[in-house]
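J.: Quick one: the structure is below, questions incoming.
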Amino acid sequence: MKFDLHTHHDRCGHATDDIRDYIEAAIGAGLHVIGISDHSPYFAHEQDHPYPGIAMARSEFPNYVAEVLRLKEEYKGRIEVLLGVESDFFIDQIELYRSAYAPYPFDYIIGSVHQTSGVSIFNRNRWKGLDETRQLEEKKHYYELIRRSAESGLFQVLGHIDAMKGYYPGFADIAGAEADIDEALKAVAANDLSIEINTSGKTKDCGGWYPSDAILERALHFGADVTFGSDAHLPARVGDEWEIVRSRLREIGFARWVFFRQKEKVAVPL
């Protein structure tokens with residue numbers, strides 16, 4: 001069974017085309033399951049749509065859910081459409097986000113740390129002038145947030161858990177945070193979540209998937225499940241490198257990967 005849980009569309013302001021285009025692309029790519037998971041609104045912001053190029057408006061969120069549910073019914077029998085969302089994780093706003101999602105029948109929620117200390121993880125300038133000690137502190141803090149997101153009880157999937165390397169490949173070489181990464185992976189396993197293999201890293205400076213093979217090997221060691229997400233921001237990337245990822249997971253030693261339906265884990269043999 002071929003699936004992709006991480007796709008975006010034009011509502012977020014930095015992806016192209018509409019939800020139907022991604023579903024049709026998934027059918028064309030031979031997928032059996034396609035998850036729609038656009039960026040959550042900034043629920044805590046006083047403005048309805050503070051960052052039009054990053055996430056949808058708060059007022060648009062019910063329309064997003066309604067459209068996915070309508071298409072889920074329309075495409076039944078051709079492809080399974082799952083209702084998801086990629087949620088920011090702001091530790092001080094977790095209950096607000098929990099209440100915002102509660103009215104809706106999500107199949108899964110992806111929890112992603114996109115900011116630490118108020119700065120985007122993709123901001124190239126955040127590393128300028130930092131010595132080794134400060135770099136390590138930043139990395140450890142990042143994985144502390146990922147661990148706490150796993151422990152929050154809100155998510156089924158954790159998104160791109162080493163994406164800080166996206167525009168700063170040297171992030172992967174910052175030594176000293178191994179125990180913090182392990183604690184995050186242990187929390188994923190203990191809370192029955194999954195981490196995603198996200199193939200969008202190939203479009204960034206790091207030029208490879210999230211997370212690294214080293215982290216995947218540790219995930220296997222701790223019994224953490226994995227899932228697949230292209231993080232497509234254009235329909236042509238739906239399912240991108242799915243077969244290559246499956247082959248690599250087998251080489252690492254995984255026997256299965258998973259997706260979520262009505263927040264219940266569905267295991268798929270590799």
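Chain lettering (A, B, ...) mirrors the order of the structure tokens, residue numbering begins at 1 for each chain separately, and ligand numbering begins at 1 in order of display.
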Skip stretch 226-236 of chain A itself and residues of its chain fewer than 3 positions away, then list as a list in words all residues within 7 Å of it, counting only C-alpha atoms.

T.: Asp4, Leu5, His6, Thr7, His8, His9, Ala15, Thr16, Asp17, Asp21, Tyr22, Ala25, Ser194, Ile195, Glu196, Ile197, Asn198, Thr199, Ser200, Gly239, Asp240, Trp257, Val258 and Phe259 of chain A

J.: Which polymer residues have any atom within 10 Å of an atom of A:Ala187, counting only C-alpha atoms, with same-chain residues fewer than 3 positions away left out, as a list in words?

T.: Ile146, Arg147, Arg148, Ser149, Ala150, Glu151, Ile181, Asp182, Glu183, Ala184, Ala190, Asn191, Asp192, Leu193, Phe222 and Ala224 of chain A

J.: Using only C-alpha atoms, which residue out of A:Cys12, A:Ile23, A:Leu82, A:Ala29 lies closest to A:Met56?

T.: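 For A:Met56, the nearest of the candidates is A:Cys12.
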
J.: What parts of stretch 22-116 of chain A does DSSP call alpha helix (DSSP H)? I'd like the answer as a PyMOL selection string.

T.: chain A and resi 22-28+61-74+94-101

J.: Would you mind telling me which residue in A:Val85, A:Asp107, A:Val33, A:Tyr97 lies nearest to A:Arg261 when using only C-alpha atoms?

T.: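 Checking each of A:Val85, A:Asp107, A:Val33, A:Tyr97 against A:Arg261, counting only C-alpha atoms, the winner is A:Asp107.
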
J.: Would you please work out which residue, of A:Ser87, A:Leu96, A:His39, A:Ile19, is nearest to A:Arg70 when using only C-alpha atoms?

T.: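 Closest candidate: A:Ile19.
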
J.: Can you pull out every residue within 9 Å of A:Glu138, counting only C-alpha atoms, but drop anything in the same chain fewer than 5 positions away, and send it as a count of residues only?

T.: 4

J.: Measuring between only C-alpha atoms, which one of A:Gly13, A:Gly223, A:Gly28, A:Gly111 shows the shortest distance to A:Ala57?

T.: A:Gly13

J.: Check the DSSP output for the backbone and give back, as a ChimeraX atom specification, the residues of stretch 58-258 of chain A in strand (DSSP E or B).

T.: /A:80-83,86-88,110-112,115-116,119-120,157-158,194-198,210,225-229,232,256-258

J.: One decimal, in Å: what's the spacing between atom CA of A:His32 and atom CA of A:Met1?

T.: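 Result for atom CA of A:His32 versus atom CA of A:Met1: 6.1 Å, one decimal.
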
J.: For A:Gly166, work out the shell of residues within 9 Å, counting only C-alpha atoms and skipping chain neighbours fewer than 3 positions away, then give it as a PDB file with all heavy atoms, in the first residue's frame.

T.:
```pdb
ATOM      1  N   ILE A 121      13.388  27.884  12.103  1.00  0.00           N
ATOM      2  CA  ILE A 121      14.496  26.928  11.997  1.00  0.00           C
ATOM      3  C   ILE A 121      15.164  27.005  10.633  1.00  0.00           C
ATOM      4  O   ILE A 121      16.288  26.524  10.469  1.00  0.00           O
ATOM      5  CB  ILE A 121      14.028  25.483  12.283  1.00  0.00           C
ATOM      6  CG1 ILE A 121      13.027  24.998  11.220  1.00  0.00           C
ATOM      7  CG2 ILE A 121      13.451  25.358  13.685  1.00  0.00           C
ATOM      8  CD1 ILE A 121      12.725  23.512  11.289  1.00  0.00           C
ATOM      9  N   PHE A 122      14.485  27.597   9.646  1.00  0.00           N
ATOM     10  CA  PHE A 122      15.042  27.704   8.299  1.00  0.00           C
ATOM     11  C   PHE A 122      15.754  29.038   8.064  1.00  0.00           C
ATOM     12  O   PHE A 122      16.199  29.315   6.947  1.00  0.00           O
ATOM     13  CB  PHE A 122      13.942  27.527   7.256  1.00  0.00           C
ATOM     14  CG  PHE A 122      13.272  26.181   7.297  1.00  0.00           C
ATOM     15  CD1 PHE A 122      11.934  26.068   7.645  1.00  0.00           C
ATOM     16  CD2 PHE A 122      13.981  25.024   7.009  1.00  0.00           C
ATOM     17  CE1 PHE A 122      11.312  24.829   7.685  1.00  0.00           C
ATOM     18  CE2 PHE A 122      13.368  23.779   7.051  1.00  0.00           C
ATOM     19  CZ  PHE A 122      12.025  23.684   7.395  1.00  0.00           C
ATOM     20  N   ASP A 162      14.861  16.689  11.806  1.00  0.00           N
ATOM     21  CA  ASP A 162      16.174  17.347  11.780  1.00  0.00           C
ATOM     22  C   ASP A 162      16.220  18.438  10.715  1.00  0.00           C
ATOM     23  O   ASP A 162      17.267  18.725  10.138  1.00  0.00           O
ATOM     24  CB  ASP A 162      17.332  16.343  11.616  1.00  0.00           C
ATOM     25  CG  ASP A 162      17.310  15.595  10.290  1.00  0.00           C
ATOM     26  OD1 ASP A 162      16.329  15.753   9.528  1.00  0.00           O
ATOM     27  OD2 ASP A 162      18.260  14.840  10.014  1.00  0.00           O
ATOM     28  N   ALA A 163      15.067  19.093  10.501  1.00  0.00           N
ATOM     29  CA  ALA A 163      14.958  20.070   9.420  1.00  0.00           C
ATOM     30  C   ALA A 163      15.785  21.327   9.655  1.00  0.00           C
ATOM     31  O   ALA A 163      15.944  22.130   8.732  1.00  0.00           O
ATOM     32  CB  ALA A 163      13.491  20.446   9.190  1.00  0.00           C
ATOM     33  N   PRO A 169      23.500  22.922   6.590  1.00  0.00           N
ATOM     34  CA  PRO A 169      23.903  21.510   6.650  1.00  0.00           C
ATOM     35  C   PRO A 169      24.828  21.184   7.813  1.00  0.00           C
ATOM     36  O   PRO A 169      24.835  20.046   8.305  1.00  0.00           O
ATOM     37  CB  PRO A 169      24.594  21.290   5.301  1.00  0.00           C
ATOM     38  CG  PRO A 169      23.959  22.296   4.386  1.00  0.00           C
ATOM     39  CD  PRO A 169      23.711  23.500   5.245  1.00  0.00           C
ATOM     40  N   PHE A 171      24.448  21.797  10.751  1.00  0.00           N
ATOM     41  CA  PHE A 171      23.659  21.415  11.928  1.00  0.00           C
ATOM     42  C   PHE A 171      23.845  19.948  12.265  1.00  0.00           C
ATOM     43  O   PHE A 171      23.934  19.571  13.442  1.00  0.00           O
ATOM     44  CB  PHE A 171      22.179  21.709  11.656  1.00  0.00           C
ATOM     45  CG  PHE A 171      21.243  21.223  12.735  1.00  0.00           C
ATOM     46  CD1 PHE A 171      21.062  21.965  13.889  1.00  0.00           C
ATOM     47  CD2 PHE A 171      20.538  20.038  12.581  1.00  0.00           C
ATOM     48  CE1 PHE A 171      20.186  21.528  14.886  1.00  0.00           C
ATOM     49  CE2 PHE A 171      19.674  19.591  13.567  1.00  0.00           C
ATOM     50  CZ  PHE A 171      19.502  20.341  14.722  1.00  0.00           C
ATOM     51  N   GLY A 201      13.688  17.543   2.024  1.00  0.00           N
ATOM     52  CA  GLY A 201      15.041  18.010   2.315  1.00  0.00           C
ATOM     53  C   GLY A 201      15.906  18.089   1.070  1.00  0.00           C
ATOM     54  O   GLY A 201      16.846  18.897   1.008  1.00  0.00           O
ATOM     55  N   LYS A 202      15.593  17.275   0.074  1.00  0.00           N
ATOM     56  CA  LYS A 202      16.352  17.287  -1.176  1.00  0.00           C
ATOM     57  C   LYS A 202      16.244  18.626  -1.894  1.00  0.00           C
ATOM     58  O   LYS A 202      17.087  18.957  -2.730  1.00  0.00           O
ATOM     59  CB  LYS A 202      15.862  16.169  -2.096  1.00  0.00           C
ATOM     60  CG  LYS A 202      14.403  16.303  -2.521  1.00  0.00           C
ATOM     61  CD  LYS A 202      13.934  15.156  -3.388  1.00  0.00           C
ATOM     62  CE  LYS A 202      14.441  15.292  -4.799  1.00  0.00           C
ATOM     63  NZ  LYS A 202      13.814  14.289  -5.709  1.00  0.00           N
ATOM     64  N   THR A 203      15.205  19.415  -1.566  1.00  0.00           N
ATOM     65  CA  THR A 203      15.016  20.704  -2.219  1.00  0.00           C
ATOM     66  C   THR A 203      15.732  21.835  -1.480  1.00  0.00           C
ATOM     67  O   THR A 203      15.696  22.964  -1.932  1.00  0.00           O
ATOM     68  CB  THR A 203      13.513  21.047  -2.313  1.00  0.00           C
ATOM     69  OG1 THR A 203      12.993  21.340  -1.005  1.00  0.00           O
ATOM     70  CG2 THR A 203      12.716  19.902  -2.919  1.00  0.00           C
ATOM     71  N   LYS A 204      16.373  21.508  -0.351  1.00  0.00           N
ATOM     72  CA  LYS A 204      17.067  22.512   0.452  1.00  0.00           C
ATOM     73  C   LYS A 204      18.582  22.340   0.303  1.00  0.00           C
ATOM     74  O   LYS A 204      19.062  21.431  -0.372  1.00  0.00           O
ATOM     75  CB  LYS A 204      16.674  22.360   1.924  1.00  0.00           C
ATOM     76  CG  LYS A 204      15.176  22.356   2.194  1.00  0.00           C
ATOM     77  CD  LYS A 204      14.535  23.685   1.900  1.00  0.00           C
ATOM     78  CE  LYS A 204      13.133  23.812   2.505  1.00  0.00           C
ATOM     79  NZ  LYS A 204      12.176  22.802   2.020  1.00  0.00           N
ATOM     80  N   ASP A 205      19.333  23.188   0.979  1.00  0.00           N
ATOM     81  CA  ASP A 205      20.790  23.154   0.859  1.00  0.00           C
ATOM     82  C   ASP A 205      21.377  21.827   1.332  1.00  0.00           C
ATOM     83  O   ASP A 205      22.425  21.394   0.834  1.00  0.00           O
ATOM     84  CB  ASP A 205      21.419  24.292   1.664  1.00  0.00           C
ATOM     85  CG  ASP A 205      21.153  25.658   1.061  1.00  0.00           C
ATOM     86  OD1 ASP A 205      20.520  25.720  -0.016  1.00  0.00           O
ATOM     87  OD2 ASP A 205      21.574  26.672   1.663  1.00  0.00           O
ATOM     88  N   CYS A 206      20.733  21.187   2.302  1.00  0.00           N
ATOM     89  CA  CYS A 206      21.269  19.934   2.842  1.00  0.00           C
ATOM     90  C   CYS A 206      21.204  18.803   1.820  1.00  0.00           C
ATOM     91  O   CYS A 206      21.977  17.844   1.902  1.00  0.00           O
ATOM     92  CB  CYS A 206      20.527  19.533   4.118  1.00  0.00           C
ATOM     93  SG  CYS A 206      18.787  19.114   3.881  1.00  0.00           S
ATOM     94  N   GLY A 207      20.271  18.895   0.882  1.00  0.00           N
ATOM     95  CA  GLY A 207      20.225  17.968  -0.238  1.00  0.00           C
ATOM     96  C   GLY A 207      19.865  16.533   0.099  1.00  0.00           C
ATOM     97  O   GLY A 207      20.116  15.627  -0.692  1.00  0.00           O
ATOM     98  N   GLY A 208      19.253  16.286   1.231  1.00  0.00           N
ATOM     99  CA  GLY A 208      18.881  14.919   1.587  1.00  0.00           C
ATOM    100  C   GLY A 208      17.590  14.899   2.376  1.00  0.00           C
ATOM    101  O   GLY A 208      17.003  15.937   2.678  1.00  0.00           O
ATOM    102  N   TYR A 210      14.857  14.287   5.470  1.00  0.00           N
ATOM    103  CA  TYR A 210      14.743  14.398   6.924  1.00  0.00           C
ATOM    104  C   TYR A 210      14.065  13.116   7.425  1.00  0.00           C
ATOM    105  O   TYR A 210      13.065  12.712   6.848  1.00  0.00           O
ATOM    106  CB  TYR A 210      13.853  15.566   7.343  1.00  0.00           C
ATOM    107  CG  TYR A 210      14.134  16.902   6.700  1.00  0.00           C
ATOM    108  CD1 TYR A 210      13.110  17.589   6.036  1.00  0.00           C
ATOM    109  CD2 TYR A 210      15.387  17.509   6.769  1.00  0.00           C
ATOM    110  CE1 TYR A 210      13.329  18.836   5.471  1.00  0.00           C
ATOM    111  CE2 TYR A 210      15.609  18.753   6.199  1.00  0.00           C
ATOM    112  CZ  TYR A 210      14.571  19.408   5.547  1.00  0.00           C
ATOM    113  OH  TYR A 210      14.788  20.647   4.979  1.00  0.00           O
TER     114      TYR A 210
END
```

J.: How many Å lie between atom CA of A:Glu80 and atom CA of A:Ile244, rounded to one decimal?

T.: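 Between these atoms lies a distance of 22.5 Å.
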